[in-house]
Each structure stands twice: as C-alpha cells, then as structure tokens.
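Next comes start-v2.cif, with mmCIF, C-alpha atoms.
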```cif
data_model
#
loop_
_atom_site.group_PDB
_atom_site.id
_atom_site.type_symbol
_atom_site.label_atom_id
_atom_site.label_comp_id
_atom_site.auth_asym_id
_atom_site.auth_seq_id
_atom_site.Cartn_x
_atom_site.Cartn_y
_atom_site.Cartn_z
ATOM 1 C CA GLN A 1 -7.722 -12.706 -0.343
ATOM 2 C CA ARG A 2 -6.018 -16.045 -0.699
ATOM 3 C CA ILE A 3 -7.930 -19.246 -0.372
ATOM 4 C CA MET A 4 -7.504 -21.677 2.482
ATOM 5 C CA ASN A 5 -6.127 -24.974 1.224
ATOM 6 C CA PRO A 6 -7.139 -28.041 3.261
ATOM 7 C CA VAL A 7 -4.333 -30.463 4.056
ATOM 8 C CA PRO A 8 -5.080 -34.215 3.906
ATOM 9 C CA VAL A 9 -5.947 -35.959 7.160
ATOM 10 C CA VAL A 10 -2.872 -36.974 9.120
ATOM 11 C CA PRO A 11 -3.037 -40.213 11.177
ATOM 12 C CA LEU A 12 -1.253 -39.979 14.508
ATOM 13 C CA VAL A 13 -0.574 -43.158 16.507
ATOM 14 C CA GLN A 14 -1.594 -43.009 20.151
ATOM 15 C CA GLU A 15 0.996 -44.834 22.193
ATOM 16 C CA HIS A 16 -0.781 -44.768 25.549
ATOM 17 C CA GLY A 17 -4.058 -46.557 26.205
ATOM 18 C CA HIS A 18 -4.625 -47.758 22.653
ATOM 19 C CA GLU A 19 -3.334 -50.340 20.292
ATOM 20 C CA LYS A 20 -0.542 -49.202 18.022
ATOM 21 C CA ASN A 21 -2.768 -49.390 14.945
ATOM 22 C CA ASP A 22 -5.542 -47.384 16.604
ATOM 23 C CA ALA A 23 -4.910 -44.000 14.937
ATOM 24 C CA LEU A 24 -6.141 -40.568 16.000
ATOM 25 C CA CYS A 25 -7.204 -38.587 12.937
ATOM 26 C CA VAL A 26 -6.318 -34.901 12.984
ATOM 27 C CA THR A 27 -7.506 -32.561 10.230
ATOM 28 C CA THR A 28 -5.375 -29.543 9.432
ATOM 29 C CA ALA A 29 -5.633 -26.513 7.181
ATOM 30 C CA SER A 30 -3.332 -23.675 6.201
ATOM 31 C CA TRP A 31 -4.379 -20.113 5.307
ATOM 32 C CA ASN A 32 -2.277 -17.143 4.233
ATOM 33 C CA ILE A 33 -4.625 -14.352 5.279
ATOM 34 C CA ALA A 34 -2.383 -11.568 3.903
ATOM 35 C CA ALA A 35 -3.758 -9.264 6.590
ATOM 36 C CA VAL A 36 -0.778 -6.932 6.397
ATOM 37 C CA ASN A 37 -1.797 -5.674 2.951
ATOM 38 C CA ASN A 38 -4.673 -3.182 2.693
ATOM 39 C CA ASN A 39 -4.440 -2.410 -1.030
ATOM 40 C CA PRO A 40 -7.947 -3.189 -2.377
ATOM 41 C CA PHE A 41 -6.519 -3.701 -5.865
ATOM 42 C CA GLU A 42 -3.656 -6.006 -4.834
ATOM 43 C CA TYR A 43 -5.317 -9.144 -6.229
ATOM 44 C CA TRP A 44 -7.822 -9.896 -8.959
ATOM 45 C CA VAL A 45 -10.771 -11.172 -6.937
ATOM 46 C CA SER A 46 -14.129 -12.790 -7.577
ATOM 47 C CA CYS A 47 -16.791 -10.082 -7.303
ATOM 48 C CA GLU A 48 -20.533 -10.238 -7.887
ATOM 49 C CA ASP A 49 -20.649 -6.618 -9.044
ATOM 50 C CA PRO A 50 -20.222 -6.575 -12.864
ATOM 51 C CA LYS A 51 -18.698 -3.091 -12.552
ATOM 52 C CA TYR A 52 -15.589 -4.669 -11.034
ATOM 53 C CA ASP A 53 -14.836 -6.809 -14.092
ATOM 54 C CA GLU A 54 -15.690 -3.847 -16.320
ATOM 55 C CA LEU A 55 -13.214 -1.645 -14.457
ATOM 56 C CA MET A 56 -10.438 -4.230 -14.404
ATOM 57 C CA ALA A 57 -10.817 -4.959 -18.128
ATOM 58 C CA SER A 58 -10.705 -1.231 -18.870
ATOM 59 C CA ILE A 59 -7.539 -0.835 -16.759
ATOM 60 C CA GLU A 60 -5.903 -3.745 -18.585
ATOM 61 C CA SER A 61 -6.744 -2.129 -21.916
ATOM 62 C CA LEU A 62 -5.293 1.198 -20.782
ATOM 63 C CA LEU A 63 -2.060 -0.391 -19.587
ATOM 64 C CA ASN A 64 -1.570 -1.933 -23.023
ATOM 65 C CA ASP A 65 -2.336 1.262 -24.955
ATOM 66 C CA ASN A 66 0.854 3.283 -25.432
ATOM 67 C CA SER A 67 -1.148 6.284 -26.681
ATOM 68 C CA LEU A 68 -2.503 6.675 -23.133
ATOM 69 C CA ASP A 69 0.953 6.563 -21.542
ATOM 70 C CA LYS A 70 1.313 10.263 -20.764
ATOM 71 C CA PRO A 71 4.425 12.084 -19.509
ATOM 72 C CA ILE A 72 4.415 12.351 -15.734
ATOM 73 C CA GLU A 73 4.097 16.153 -15.899
ATOM 74 C CA HIS A 74 0.626 15.638 -17.442
ATOM 75 C CA VAL A 75 -0.372 13.512 -14.448
ATOM 76 C CA PHE A 76 1.545 15.263 -11.659
ATOM 77 C CA SER A 77 1.940 18.849 -12.798
ATOM 78 C CA ASP A 78 4.699 21.403 -12.262
ATOM 79 C CA VAL A 79 2.300 23.308 -10.009
ATOM 80 C CA MET A 80 1.806 20.234 -7.840
ATOM 81 C CA PHE A 81 5.554 19.684 -7.718
ATOM 82 C CA SER A 82 6.107 23.302 -6.631
ATOM 83 C CA GLU A 83 3.526 22.868 -3.877
ATOM 84 C CA LEU A 84 5.293 19.696 -2.769
ATOM 85 C CA LEU A 85 8.606 21.590 -2.566
ATOM 86 C CA VAL A 86 6.948 24.222 -0.357
ATOM 87 C CA GLU A 87 5.628 21.489 1.959
ATOM 88 C CA MET A 88 9.021 19.782 2.157
ATOM 89 C CA ALA A 89 10.730 23.104 2.888
ATOM 90 C CA GLY A 90 8.210 23.722 5.669
ATOM 91 C CA ALA A 91 9.108 20.310 7.071
ATOM 92 C CA SER A 92 12.792 21.376 7.152
ATOM 93 C CA LEU A 93 13.816 18.819 4.542
ATOM 94 C CA GLU A 94 17.054 19.887 2.895
ATOM 95 C CA SER A 95 18.751 19.586 -0.502
ATOM 96 C CA LEU A 96 15.527 20.475 -2.311
ATOM 97 C CA ASP A 97 17.567 22.037 -5.115
ATOM 98 C CA LYS A 98 18.711 18.502 -5.988
ATOM 99 C CA ILE A 99 15.103 17.275 -6.011
ATOM 100 C CA GLU A 100 14.195 20.186 -8.291
ATOM 101 C CA LEU A 101 17.000 19.333 -10.719
ATOM 102 C CA LEU A 102 15.938 15.683 -10.777
ATOM 103 C CA TRP A 103 12.317 16.648 -11.451
ATOM 104 C CA HIS A 104 12.940 19.102 -14.267
ATOM 105 C CA GLY A 105 15.859 17.197 -15.760
ATOM 106 C CA ASP A 106 14.430 13.689 -15.695
ATOM 107 C CA MET A 107 11.347 12.603 -13.827
ATOM 108 C CA LYS A 108 8.658 14.861 -15.234
ATOM 109 C CA HIS A 109 9.593 13.875 -18.801
ATOM 110 C CA ARG A 110 9.271 10.147 -18.155
ATOM 111 C CA LYS A 111 6.200 8.275 -19.334
ATOM 112 C CA ALA A 112 3.944 7.508 -16.387
ATOM 113 C CA LEU A 113 3.502 3.807 -17.157
ATOM 114 C CA ASN A 114 6.617 2.614 -18.967
ATOM 115 C CA GLY A 115 8.973 5.190 -17.477
ATOM 116 C CA PHE A 116 7.800 4.975 -13.879
ATOM 117 C CA LEU A 117 5.414 2.154 -12.951
ATOM 118 C CA ARG A 118 7.338 -0.382 -15.034
ATOM 119 C CA ASP A 119 10.799 0.981 -14.235
ATOM 120 C CA LYS A 120 12.546 -1.860 -12.422
ATOM 121 C CA SER A 121 15.229 0.470 -11.066
ATOM 122 C CA ILE A 122 12.627 2.356 -9.008
ATOM 123 C CA ALA A 123 11.546 -0.960 -7.522
ATOM 124 C CA ALA A 124 15.156 -1.984 -6.867
ATOM 125 C CA LYS A 125 15.775 1.300 -5.045
ATOM 126 C CA ARG A 126 12.549 0.862 -3.011
ATOM 127 C CA LEU A 127 11.582 4.459 -3.745
ATOM 128 C CA THR A 128 7.844 3.727 -3.864
ATOM 129 C CA SER A 129 7.383 0.437 -2.026
ATOM 130 C CA MET A 130 9.170 1.593 1.134
ATOM 131 C CA PRO A 131 7.202 4.814 1.749
ATOM 132 C CA ASP A 132 3.948 3.129 0.717
ATOM 133 C CA ARG A 133 4.467 0.361 3.275
ATOM 134 C CA ILE A 134 5.173 2.896 6.013
ATOM 135 C CA THR A 135 2.340 5.352 5.287
ATOM 136 C CA ASN A 136 -0.398 3.199 3.736
ATOM 137 C CA THR A 137 -1.944 2.096 7.034
ATOM 138 C CA ILE A 138 -0.966 3.679 10.347
ATOM 139 C CA ASN A 139 -2.137 2.220 13.654
ATOM 140 C CA LEU A 140 -2.639 4.821 16.377
ATOM 141 C CA ARG A 141 -2.248 4.480 20.125
ATOM 142 C CA ASP A 142 -5.988 4.933 20.724
ATOM 143 C CA GLY A 143 -6.725 1.868 18.585
ATOM 144 C CA SER A 144 -7.898 3.785 15.530
ATOM 145 C CA ILE A 145 -6.344 3.557 12.062
ATOM 146 C CA ARG A 146 -5.371 6.248 9.571
ATOM 147 C CA TYR A 147 -4.968 5.522 5.875
ATOM 148 C CA ARG A 148 -3.001 7.566 3.365
ATOM 149 C CA PRO A 149 -5.238 9.263 0.792
ATOM 150 C CA SER A 150 -4.519 6.889 -2.062
ATOM 151 C CA PRO A 151 -6.318 4.508 -4.428
ATOM 152 C CA ILE A 152 -4.103 1.703 -3.080
ATOM 153 C CA SER A 153 -5.024 2.162 0.574
ATOM 154 C CA ALA A 154 -8.306 1.749 2.431
ATOM 155 C CA TYR A 155 -8.728 5.525 2.710
ATOM 156 C CA GLN A 156 -12.369 6.328 3.474
ATOM 157 C CA GLY A 157 -12.440 9.885 2.143
ATOM 158 C CA ALA A 158 -13.601 10.980 -1.272
ATOM 159 C CA MET A 159 -11.142 11.284 -4.160
ATOM 160 C CA SER A 160 -13.556 12.786 -6.639
ATOM 161 C CA SER A 161 -10.877 14.786 -8.441
ATOM 162 C CA LEU A 162 -7.114 15.073 -8.638
ATOM 163 C CA ALA A 163 -7.268 18.437 -6.854
ATOM 164 C CA ALA A 164 -9.376 17.069 -3.974
ATOM 165 C CA TRP A 165 -7.020 14.127 -3.548
ATOM 166 C CA TRP A 166 -3.932 16.354 -3.648
ATOM 167 C CA ASP A 167 -5.206 18.647 -0.887
ATOM 168 C CA SER A 168 -5.976 15.615 1.307
ATOM 169 C CA TRP A 169 -2.610 13.997 0.528
ATOM 170 C CA LYS A 170 -0.587 17.083 1.474
ATOM 171 C CA ALA A 171 -2.577 17.540 4.670
ATOM 172 C CA PHE A 172 -2.060 13.910 5.672
ATOM 173 C CA ILE A 173 1.676 13.750 4.953
ATOM 174 C CA PHE A 174 2.728 17.163 6.250
ATOM 175 C CA HIS A 175 0.123 18.538 8.644
ATOM 176 C CA GLU A 176 -1.381 15.678 10.645
ATOM 177 C CA LYS A 177 0.497 14.931 13.836
ATOM 178 C CA LEU A 178 -0.364 11.389 14.823
ATOM 179 C CA GLU A 179 0.224 9.460 18.020
ATOM 180 C CA ILE A 180 1.624 6.245 16.595
ATOM 181 C CA PHE A 181 1.146 2.843 18.186
ATOM 182 C CA ARG A 182 4.600 1.305 18.622
ATOM 183 C CA GLY A 183 3.784 -1.783 20.629
ATOM 184 C CA GLU A 184 4.154 -2.115 24.366
ATOM 185 C CA GLN A 185 7.228 0.072 24.539
ATOM 186 C CA LYS A 186 7.562 1.709 27.981
ATOM 187 C CA ASP A 187 10.460 4.033 27.182
ATOM 188 C CA ASP A 188 9.256 7.538 28.109
ATOM 189 C CA LYS A 189 11.995 9.059 25.956
ATOM 190 C CA HIS A 190 10.554 7.505 22.818
ATOM 191 C CA ASP A 191 8.347 10.094 21.120
ATOM 192 C CA THR A 192 5.326 8.385 19.579
ATOM 193 C CA CYS A 193 3.786 11.626 18.293
ATOM 194 C CA CYS A 194 5.005 12.724 14.873
ATOM 195 C CA TYR A 195 4.029 13.951 11.437
ATOM 196 C CA VAL A 196 3.624 11.298 8.756
ATOM 197 C CA TYR A 197 6.619 12.499 6.738
ATOM 198 C CA GLY A 198 8.712 11.844 9.835
ATOM 199 C CA LEU A 199 7.988 8.134 9.491
ATOM 200 C CA VAL A 200 9.855 7.961 6.186
ATOM 201 C CA SER A 201 13.386 6.722 6.860
ATOM 202 C CA PRO A 202 16.515 7.053 4.702
ATOM 203 C CA ILE A 203 17.220 4.159 2.351
ATOM 204 C CA LEU A 204 20.752 2.850 2.713
ATOM 205 C CA ARG A 205 22.867 2.144 -0.350
ATOM 206 C CA SER A 206 24.638 -0.632 1.594
ATOM 207 C CA LYS A 207 21.314 -2.506 1.629
ATOM 208 C CA TYR A 208 19.954 -1.367 -1.734
ATOM 209 C CA PRO A 209 23.031 -0.887 -3.989
ATOM 210 C CA ALA A 210 20.910 0.215 -6.942
ATOM 211 C CA LEU A 211 20.792 3.620 -5.238
ATOM 212 C CA SER A 212 23.463 6.091 -6.260
ATOM 213 C CA ILE A 213 25.433 7.969 -3.606
ATOM 214 C CA GLU A 214 23.522 11.147 -4.479
ATOM 215 C CA GLU A 215 20.153 9.371 -4.264
ATOM 216 C CA GLU A 216 21.031 7.948 -0.871
ATOM 217 C CA GLN A 217 21.737 11.455 0.432
ATOM 218 C CA ILE A 218 18.265 12.676 -0.577
ATOM 219 C CA SER A 219 16.428 9.374 -0.213
ATOM 220 C CA VAL A 220 13.751 10.698 2.170
ATOM 221 C CA GLN A 221 12.858 13.605 -0.110
ATOM 222 C CA LEU A 222 13.010 11.314 -3.134
ATOM 223 C CA GLN A 223 10.673 8.785 -1.516
ATOM 224 C CA ILE A 224 8.101 11.475 -0.751
ATOM 225 C CA LEU A 225 8.218 12.727 -4.341
ATOM 226 C CA CYS A 226 7.967 9.228 -5.806
ATOM 227 C CA LEU A 227 5.063 8.363 -3.492
ATOM 228 C CA ALA A 228 3.131 11.450 -4.594
ATOM 229 C CA VAL A 229 3.789 10.623 -8.248
ATOM 230 C CA LEU A 230 2.809 6.984 -7.707
ATOM 231 C CA ASP A 231 -0.558 7.870 -6.180
ATOM 232 C CA ALA A 232 -1.207 10.455 -8.888
ATOM 233 C CA ILE A 233 -0.504 7.892 -11.620
ATOM 234 C CA PHE A 234 -2.883 5.377 -10.070
ATOM 235 C CA LEU A 235 -5.562 8.069 -9.932
ATOM 236 C CA TYR A 236 -4.923 8.899 -13.586
ATOM 237 C CA ILE A 237 -5.399 5.225 -14.471
ATOM 238 C CA LEU A 238 -8.647 4.946 -12.500
ATOM 239 C CA PHE A 239 -10.148 8.223 -13.715
ATOM 240 C CA THR A 240 -9.287 7.326 -17.312
ATOM 241 C CA ALA A 241 -10.418 3.702 -17.148
ATOM 242 C CA GLY A 242 -13.528 4.063 -15.008
ATOM 243 C CA SER A 243 -14.306 7.643 -14.062
ATOM 244 C CA ASN A 244 -17.919 6.910 -13.107
ATOM 245 C CA ILE A 245 -17.506 3.606 -11.323
ATOM 246 C CA TRP A 246 -14.065 3.220 -9.747
ATOM 247 C CA GLU A 247 -14.805 4.888 -6.398
ATOM 248 C CA ASP A 248 -17.853 2.688 -5.755
ATOM 249 C CA VAL A 249 -15.948 -0.432 -6.798
ATOM 250 C CA ARG A 250 -12.987 0.480 -4.603
ATOM 251 C CA MET A 251 -15.144 1.091 -1.543
ATOM 252 C CA SER A 252 -16.949 -2.227 -1.975
ATOM 253 C CA LEU A 253 -13.544 -3.945 -2.128
ATOM 254 C CA CYS A 254 -12.399 -2.088 0.994
ATOM 255 C CA ARG A 255 -15.477 -3.203 2.891
ATOM 256 C CA ALA A 256 -14.980 -6.821 1.914
ATOM 257 C CA LEU A 257 -11.196 -7.045 2.144
ATOM 258 C CA VAL A 258 -10.249 -4.491 4.819
ATOM 259 C CA TYR A 259 -12.990 -3.004 6.985
ATOM 260 C CA GLU A 260 -14.844 -6.309 7.455
ATOM 261 C CA LYS A 261 -11.852 -8.585 7.022
ATOM 262 C CA VAL A 262 -11.701 -9.875 10.605
ATOM 263 C CA PRO A 263 -15.408 -10.854 10.882
ATOM 264 C CA ASN A 264 -15.324 -12.304 7.364
ATOM 265 C CA THR A 265 -12.216 -14.322 8.200
ATOM 266 C CA CYS A 266 -13.815 -15.629 11.377
ATOM 267 C CA LYS A 267 -16.973 -16.496 9.451
ATOM 268 C CA VAL A 268 -15.014 -18.570 6.916
ATOM 269 C CA ILE A 269 -13.139 -20.393 9.667
ATOM 270 C CA SER A 270 -16.303 -21.008 11.685
ATOM 271 C CA HIS A 271 -18.568 -22.131 8.852
ATOM 272 C CA ALA A 272 -16.195 -23.971 6.531
ATOM 273 C CA TYR A 273 -13.489 -25.183 8.907
ATOM 274 C CA GLY A 274 -15.200 -25.330 12.273
ATOM 275 C CA ARG A 275 -14.452 -29.038 12.616
ATOM 276 C CA THR A 276 -10.786 -28.679 11.643
ATOM 277 C CA ASN A 277 -8.480 -29.597 14.528
ATOM 278 C CA VAL A 278 -5.492 -27.406 13.633
ATOM 279 C CA ILE A 279 -5.391 -24.289 11.454
ATOM 280 C CA PHE A 280 -2.056 -22.766 10.513
ATOM 281 C CA ILE A 281 -2.320 -19.008 9.910
ATOM 282 C CA GLN A 282 0.233 -16.958 7.959
ATOM 283 C CA GLU A 283 0.553 -13.200 7.537
ATOM 284 C CA ALA A 284 -2.034 -12.449 10.197
ATOM 285 C CA ALA A 285 -2.125 -8.853 11.432
ATOM 286 C CA ALA A 286 -0.425 -8.338 14.777
#
```
Starting from the coordinates I provided, produce the structure as structure tokens.
Amino acid sequence: QRIMNPVPVVPLVQEHGHEKNDALCVTTASWNIAAVNNNPFEYWVSCEDPKYDELMASIESLLNDNSLDKPIEHVFSDVMFSELLVEMAGASLESLDKIELLWHGDMKHRKALNGFLRDKSIAAKRLTSMPDRITNTINLRDGSIRYRPSPISAYQGAMSSLAAWWDSWKAFIFHEKLEIFRGEQKDDKHDTCCYVYGLVSPILRSKYPALSIEEEQISVQLQILCLAVLDAIFLYILFTAGSNIWEDVRMSLCRALVYEKVPNTCKVISHAYGRTNVIFIQEAAA
C-alpha cells in the first residue's frame, strides 16, 4: 500500500473582502491507494510478523537458485493438463488439438521461473496478465465478491495442497455461474450471468503484435492454460519457500490490504490527515 505524500502548503490570495497580501492557506495531500489491485504479494510491505520477512527472504533465495527452477511439467503435471483439456472441451472451447501440441511440444518443457515467469514474450502477449486481471476479483450484482483460487488473489479458501487448489480452481473457472455486476446498465438483453471462463476475451494481434496469427486464433484457450500454469508456479514457490507459514502470512496480508482496506484507509485519512483541506485520491476502487 503506497504512502500518502503531503504536498507543501499552498497560499491562495483572497481577492474579495481581504487585502491582497492576506493569504488563505490550504493544505493538500495526494494518495495513490492502488485499490484496484488485490494481490497480497504485489508490494514488499512493512509487517510486524517476523514470518513475513522470513518468507520473503526464502522466496528471494529460491528465485536466485537455478537448481530449484523445475520444468513446468513438474509443477503443472500432464494429468492436470489433461483435466484442463476435458474442462475446456466441456466449455465448448475449440482447437484444443493446437493447445495440446503447444503443451507437449513446448510449454511443459520450459523452466517454470526462467522459461515462464521471466519470459518477456508472455508478458508482451498479455497471456497471464489479461486473464488474471479479469478473474482475480469479480464483483457480483448482490454486492458480494468472488476471488479466483490463487496465491495472488484475496481468495479466502484453503490451499493446503496442489490437489486441493486445483479442484477449487477448476470449479471456479468452469462450473460457477456468477451474476456479474456490470454497472448501472439497464439493457435487458445484456446477460450478466455467466461462467468465469466466459469472461476471458480474445487478445487481438492488432493491439498486441507479439502474438502470432496462430496464437491469436486460440488466445482464449491459451490464456486459460497460462493462467493455470501461473497459479501453479506461484504455489510451487510458496510451498517450497515457506510450506508451514505462507498461508498464515498471506491471510494476514489479505486482512490488512484487502478485506479491511476501506476502514484502514479511512482511519489513516481521519487520524493523520483529518485537518488537510484537499486530498487527491488516485486508483480508488469504483
């Protein structure tokens, strides 16, 4: 959570009823709340719990240890991939033979860290960032919120094992029909009820030219695969770096940065900046 930076006092000259040199002092502050991001590990934060620093140091050590950079198939197995294909087929997603060729011919052999997380071409094609943004946090029409089962969301459920996470992930993406909040739209023809996979839109090569023509044609399927692999890699990192502590640390971060973010934000404004005349807010949640 970014820190509010006070701006120096600005003297404003009152032209009516006062002398020209009689200034009105207005204090201002600016705060980028970053409320649109619910990844508890997005920033390195100050935390009183020593387990947090222990976990982060262990993650840093892992990321710099090439011996722990496993092939993706050791993190997201062939069995998991086959189950994903079954789910995508059930969702009537086509061209799965091309996804299968890409998996067996390339992706599963890549190293999880250097061949996937650090691959700048995946970022340029938006194959992980786009589906994560769409599925990480979903606001529903009844005012409730659903989070994707992932270490980088504010998901409240347990992720005690890779198998437990995978069952929850498949259920969320393919089997939960959610009534999405889409603003104050009054169009009766607009269907707000859909499965989560239906929220993933094609990525256009005209906007992201790093995509090949073939990748553009299967961009929805490719995004779903890359998102599953991404979450599995993050779980591998956390289980390896802090198997006994990461879930507790993550939940404490979620409480501070997500679940209690609005009251905490109001508390900071009220206590530290209650006498400030003007506060400029950026990246506040709608």
Hits of the PyMOL selection byres ((chain A and resi 281) around 9) in this structure, as a VMD selection string: chain A and resid 29 to 33 279 to 280 282 to 284
Explicit residue set for the PyMOL selection byres ((chain A and resi 235) around 10), as JSON, numbers by chain: {"A": [75, 150, 151, 152, 159, 160, 161, 162, 165, 229, 230, 231, 232, 233, 234, 236, 237, 238, 239, 240, 241, 243, 246]}
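Between CA of Arg205 in chain A and CA of Ala123 in chain A the interatomic distance comes to 13.8 Å.
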Evaluate the PyMOL selection byres ((chain A and resi 96) around 12) and report residues as an MDAnalysis selection string: chainID A and resid 81:82 84:95 97:103 217:222 224:225
Just to be explicit: take each residue in the selection above, keep C-alpha atoms, and write the result as a short mmCIF file (atom, residue, chain, number, x, y, z; two decimals), keeping the file's coordinate frame.
```cif
data_model
loop_
_atom_site.label_atom_id
_atom_site.label_comp_id
_atom_site.auth_asym_id
_atom_site.auth_seq_id
_atom_site.Cartn_x
_atom_site.Cartn_y
_atom_site.Cartn_z
CA PHE A 81 5.55 19.68 -7.72
CA SER A 82 6.11 23.30 -6.63
CA LEU A 84 5.29 19.70 -2.77
CA LEU A 85 8.61 21.59 -2.57
CA VAL A 86 6.95 24.22 -0.36
CA GLU A 87 5.63 21.49 1.96
CA MET A 88 9.02 19.78 2.16
CA ALA A 89 10.73 23.10 2.89
CA GLY A 90 8.21 23.72 5.67
CA ALA A 91 9.11 20.31 7.07
CA SER A 92 12.79 21.38 7.15
CA LEU A 93 13.82 18.82 4.54
CA GLU A 94 17.05 19.89 2.90
CA SER A 95 18.75 19.59 -0.50
CA ASP A 97 17.57 22.04 -5.12
CA LYS A 98 18.71 18.50 -5.99
CA ILE A 99 15.10 17.27 -6.01
CA GLU A 100 14.20 20.19 -8.29
CA LEU A 101 17.00 19.33 -10.72
CA LEU A 102 15.94 15.68 -10.78
CA TRP A 103 12.32 16.65 -11.45
CA GLN A 217 21.74 11.46 0.43
CA ILE A 218 18.26 12.68 -0.58
CA SER A 219 16.43 9.37 -0.21
CA VAL A 220 13.75 10.70 2.17
CA GLN A 221 12.86 13.60 -0.11
CA LEU A 222 13.01 11.31 -3.13
CA ILE A 224 8.10 11.48 -0.75
CA LEU A 225 8.22 12.73 -4.34
#
```
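Around Tyr208 in chain A, within 8 Å and counting all atoms listed in the file, the residues found are A:Ala124, A:Lys125, A:Arg126, A:Ile203, once anything fewer than 5 positions away on its own chain is removed.
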For the selection you just gave me, I'd like the residues written to a file as a PDB file, keeping the file's coordinate frame, keeping C-alpha atoms.
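Final file, selection35.pdb:
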```pdb
ATOM      1  CA  ALA A 124      15.156  -1.984  -6.867  1.00  0.00           C
ATOM      2  CA  LYS A 125      15.775   1.300  -5.045  1.00  0.00           C
ATOM      3  CA  ARG A 126      12.549   0.862  -3.011  1.00  0.00           C
ATOM      4  CA  ILE A 203      17.220   4.159   2.351  1.00  0.00           C
TER       5      ILE A 203
END
```
Would you compute an axis-aligned box for range 106-113 of chain A, covering every atom listed for it in the file with 5 Å of margin on each side, and report centre and edge lengths in Å to one decimal as AutoDock Vina command-line options?
```
--center_x 9.0 --center_y 9.3 --center_z -16.6 --size_x 20.9 --size_y 21.1 --size_z 15.5
```
CA of Asn37 in chain A to CA of Ser129 in chain A, straight-line distance in Å: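 One can read the CA of Ser129 in chain A to CA of Asn37 in chain A distance as 12.1 Å.
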For Ala112 in chain A, the nearest of the candidates A:Pro71, A:Gly143, A:Pro50, A:Pro131, counting only C-alpha atoms: A:Pro71
Atomic separation - CA of Asn39 in chain A relative to CA of Lys170 in chain A, Å: 20.0 Å
